[in-house]
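**Student:** This structure is in structure tokens; I'll ask about it shortly.
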Amino acid sequence: MGADDRAKLMDSLKANRRSARGRASDAPAHKKPVAPKRKVYDFKEMPQIKQLQMHKAAADMMGIENPFFRPHDGLASGTSVIEGNNYDNFASYNYIGLNGHPKVNAAATAAVAHFGTSVSASRIVAGERPFHAELEAILARIHGVESSVVMVSGHATNVTTIGHLMHKGDLILTDSFVHNSIAEGARLSGATRMNFPHDNLDALEKLLADHRHKFDKVLVIVEGLYSMDGDFPDLKRVIALKQAYDAWLMVDEAHSIGVLGKTGRGISEHFDIDPNEVEIWMGTLSKTFSSCGGYIAGSKVLCDYLKVSAPGFVFSVGMSAALAGAAIASAELMLQEPERVTKLQKNGSLFLKLAKEAGLNTGPSAGYAVVPVIVGDSASAATLSNRLLARGINALPIIFPAVPEKSARIRFFITSEHMSGQIERAVQATVEELDAMRSDGTAVDRLIKATR
């Protein structure tokens with residue numbers, strides 16, 4: 001074929017292609033069917049909710065009643081009323097018995113009578129009231145520092161403070177067992193977060209040695225009393241480490257104020273440490289102080305800065321009169337009646353001693369306000385809780401993901417209001433019910449039996 005003929009053939013092929021494309025564009029397109037729009041999303045489609053429903057179905061098959069969200073009628077202290085029945089109560093952090101105290105109730109009532117039930121604005125706008133400064137002053141005095149700032153949520157106090165003070169380019173070093181609010185604050189900040197194994201200060205020192213020089217600010221966070229295990233860190237060594245590596249230290253005292261120290265002033269009193277060697281003290285008002293909310297205590301410069309810049313403070317309503325009044329009265333009573341702290345510590349020591357003698361796994365608990373009994377899997381922990389309830393003892397399970405699955409437990413909160421007889425009964429019943437459960441086999445064995 002000559003060159004002219006080849007050129008004509010190519011022109012013909014190109015023309016045919018253009019023609020075919022034109023015909024294709026003229027042909028009606030086959031549209032994909034459009035799914036009808038939903039009016040509202042069904043959250044049952046979320047994978048997390050599907051998994052939760054599977055867990056519930058398995059629990060139902062094994063006959064495990066949901067141990068959570070049982071309503072208590074009236075004051076929960078050393079005893080509590082559930083569905084008209086009295087129970088020995090080990091599920092309350094009314095640690096030194098101030099919730100329901102006549103002076104605390106009277107203070108809350110008087111505050112409401114004068115100020116109403118809400119301050120009706122954020123404090124920076126128009127919600128500031130005299131009781132706010134009074135509460136912050138007594139909290140600073142308890143911690144032995146210059147100042148404090150009170151917020152309306154304990155969880156939000158950690159989230160907003162950590163999230164606001166730390167930024168990308170900073171490093172946050174946390175004990176692996178710290179509270180969710182600390183983890184959320186670290187995530188919000190954008191800073192790099194590294195965990196060290198629980199109470200392993202050698203590992204903390206290595207992290208500081210290996211990484212301190214790579215970051216601008218470094219914040220170390222520990223708790224004064226760990227709420228899942230009932231132990232506490234060697235604060236003297238933690239302070240020495242943070243000083244050696246030019247880091248900040250934050251101590252969450254949610255569960256240690258009113259519990260540690262001769263007069264309940266917390267872990268600094270327990271170790272006889274100058275509290276001004278710690279940059280940031282955090283605490284909650286819902287435990288020893290029988291109210292609701294959280295606070296940061298430390299230098300006046302720090303607290304004044306948070307009051308004008310921390311989102312969780314600036315953009316939240318000020319604490320109500322009733323809550324502040326109850327917290328102030330509770331703080332005063334704690335200082336006036338240190339025998340409450342002594343009684344709590346005596347009760348915690350007794351519970352731990354009896355539990356260990358009975359062969360129960362109490363983990364690293366130091367025997368103050370929190371003593372876990374570790375039983376293994378979540379199903380076993382829930383079953384044990386229900387069996388204890390049937391024997392007149394209210395103690396709730398802590399299950400995955402709050403703790404690792406193999407570390408599911410019953411967590412006993414010990415208070416100054418418990419009698420020695422209640423403690424003895426609780427330990428004995430736990431031993432007997434655990435023995436009975438083990439004779440029935442593992443949770444898997446019980447599930448297999450249930451499916452037959």
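Scheme for the structure tokens: letters A, B, ... for chains in order shown; per-chain residue numbers from 1; ligand numbers from 1 in order shown.
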What lies within 7 Å of region 210-219 of chain A using only C-alpha atoms, ignoring chain neighbours under 3 positions off, as a PDB file with C-alpha atoms, in the first residue's frame?
**Tutor:**
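Wrote it out as result15.pdb, contents follow:
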```
ATOM      1  CA  GLY A 169       5.840  20.859  69.180  1.00  0.00           C
ATOM      2  CA  ASP A 170       5.342  20.040  72.869  1.00  0.00           C
ATOM      3  CA  LEU A 171       5.516  16.646  74.594  1.00  0.00           C
ATOM      4  CA  ILE A 172       3.123  15.165  77.162  1.00  0.00           C
ATOM      5  CA  LEU A 173       4.335  12.157  79.172  1.00  0.00           C
ATOM      6  CA  LYS A 206      14.281   7.046  79.879  1.00  0.00           C
ATOM      7  CA  LEU A 207      11.574   8.883  77.920  1.00  0.00           C
ATOM      8  CA  TYR A 245      14.866  17.580  82.691  1.00  0.00           C
ATOM      9  CA  ALA A 247       9.699  19.708  82.544  1.00  0.00           C
ATOM     10  CA  TRP A 248       6.356  20.721  84.046  1.00  0.00           C
ATOM     11  CA  LEU A 249       4.460  18.430  86.408  1.00  0.00           C
TER      12      LEU A 249
END
```
**Student:** Pick out the residues sitting within 10 Å of Lys307 (chain A), and hand them over as a list in words; count only C-alpha atoms, and ignore anything fewer than 2 positions along from it in its own chain.
**Tutor:**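 What passes the distance filter is Arg123, Ile124, Ser148, Val149, Val150, Met151, Leu302, Cys303, Asp304, Tyr305, Ser309, Ala310, Pro311, Gly312, Phe313 and Val314 of chain A.
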**Student:** Return the single residue from A:Thr109, A:Gln345, A:Ser330, A:Ser378 that is closest to Ser290 (chain A), with distances computed using only C-alpha atoms.
**Tutor:** A:Ser330
**Student:** Pick out the closest residue to Ile64 (chain A) from this set: A:Thr192, A:Asn386, A:Ser349, A:Ser122. Count only C-alpha atoms.
**Tutor:**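 Under the stated criterion, the closest residue is A:Asn386.
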**Student:** Quick one: pull the distance between CA of Leu333 (chain A) and CA of Val259 (chain A), Å, one decimal.
**Tutor:** 13.9 Å
**Student:** What lies within 12 Å of region 79-88 of chain A using only C-alpha atoms, ignoring chain neighbours under 5 positions off, as a JSON list (two decimals) with C-alpha atoms, in the first residue's frame?
**Tutor:**
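Below is the file that was written, around-v6.json:
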```json
[["chain", "number", "residue", "atom", "x", "y", "z"],
["A", 69, "PHE", "CA", -27.57, 2.58, 85.90],
["A", 70, "ARG", "CA", -29.51, 1.22, 88.86],
["A", 71, "PRO", "CA", -31.23, 4.22, 90.45],
["A", 72, "HIS", "CA", -30.47, 4.87, 94.12],
["A", 73, "ASP", "CA", -33.21, 6.37, 96.24],
["A", 74, "GLY", "CA", -31.76, 8.99, 98.57],
["A", 94, "ASN", "CA", -18.33, 10.04, 99.38],
["A", 97, "GLY", "CA", -18.99, 11.21, 104.56],
["A", 388, "LEU", "CA", -22.91, -9.57, 95.50],
["A", 389, "LEU", "CA", -25.99, -7.42, 95.01],
["A", 390, "ALA", "CA", -28.15, -10.46, 95.70],
["A", 391, "ARG", "CA", -26.32, -10.70, 99.02],
["A", 392, "GLY", "CA", -26.98, -7.08, 99.94],
["A", 393, "ILE", "CA", -23.67, -5.59, 98.75],
["A", 394, "ASN", "CA", -23.51, -2.91, 96.06],
["A", 395, "ALA", "CA", -20.11, -2.93, 94.34],
["A", 412, "PHE", "CA", -14.60, -1.26, 96.10],
["A", 413, "PHE", "CA", -14.74, 2.37, 97.23],
["A", 414, "ILE", "CA", -14.02, 2.58, 100.95],
["A", 415, "THR", "CA", -15.29, 5.51, 103.01],
["A", 416, "SER", "CA", -15.11, 6.79, 106.58],
["A", 417, "GLU", "CA", -18.77, 5.78, 106.93],
["A", 418, "HIS", "CA", -18.25, 2.03, 106.61],
["A", 419, "MET", "CA", -18.41, -0.15, 109.70],
["A", 420, "SER", "CA", -15.91, -2.97, 110.23],
["A", 421, "GLY", "CA", -18.76, -5.48, 110.00],
["A", 422, "GLN", "CA", -19.69, -4.23, 106.53],
["A", 423, "ILE", "CA", -16.10, -4.60, 105.39],
["A", 424, "GLU", "CA", -15.82, -8.11, 106.79],
["A", 425, "ARG", "CA", -19.10, -9.16, 105.12],
["A", 426, "ALA", "CA", -18.05, -7.71, 101.77],
["A", 427, "VAL", "CA", -14.74, -9.57, 101.73],
["A", 429, "ALA", "CA", -19.13, -12.66, 100.33]]
```
**Student:** Which polymer residues have any atom within 8 Å of an atom of Ile162 (chain A), counting only C-alpha atoms, with same-chain residues fewer than 2 positions away left out, as a list in words?
**Tutor:**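 Answer for this query is Asn158, Val159, Thr160, His164, Leu165, Met166, Ile182, Gly185, Ala186 and Ser189 of chain A.
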**Student:** So, with only C-alpha atoms as the atoms that count, which of A:Ala91, A:Gly63, A:Asn361, A:Pro372 lies closest to Ala76 (chain A)?
**Tutor:**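 Between A:Ala91, A:Gly63, A:Asn361, A:Pro372, the residue approaching Ala76 (chain A) most closely is A:Ala91.
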**Student:** Give the helix (DSSP H, G or I) residues of region 35-265 of chain A, as DSSP finds them on the backbone, and put them as a count of residues only.
**Tutor:** 97
**Student:** For region 126-138 of chain A, work out the shell of residues within 9 Å, counting only C-alpha atoms and skipping chain neighbours fewer than 3 positions away, then give it as a compact mmCIF listing (two decimals) with C-alpha atoms, in the first residue's frame.
**Tutor:**
```
# COMPACT_ATOMS: atom_id res chain seq x y z
CA ALA A 111 -26.70 29.79 98.90
CA PHE A 115 -28.30 33.61 94.79
CA SER A 118 -27.81 29.53 88.53
CA VAL A 119 -25.45 32.46 88.08
CA SER A 120 -26.93 32.75 84.57
CA ALA A 121 -23.72 33.67 82.74
CA SER A 122 -20.09 32.80 82.32
CA ARG A 123 -18.00 34.33 85.07
CA ARG A 141 -5.16 26.93 101.06
CA ILE A 142 -5.77 23.17 101.14
CA HIS A 143 -3.18 22.63 98.42
CA GLU A 146 -1.17 30.80 95.75
CA SER A 147 -4.41 30.42 93.84
CA SER A 148 -6.97 28.19 92.16
CA VAL A 149 -9.60 28.39 89.43
CA VAL A 150 -12.87 26.45 89.62
CA TYR A 295 -10.38 23.00 89.64
CA ALA A 297 -4.54 25.02 91.79
CA VAL A 317 -21.44 29.19 82.85
CA GLY A 318 -20.09 29.92 86.31
CA MET A 319 -20.54 27.38 89.08
CA ALA A 321 -24.48 28.72 94.26
CA ALA A 324 -20.14 26.17 95.52
CA GLY A 325 -21.81 26.40 98.92
CA ALA A 327 -17.98 22.52 98.36
CA ILE A 328 -16.96 25.37 100.68
CA ALA A 331 -13.67 21.85 102.58
CA GLU A 332 -14.09 23.59 105.94
```
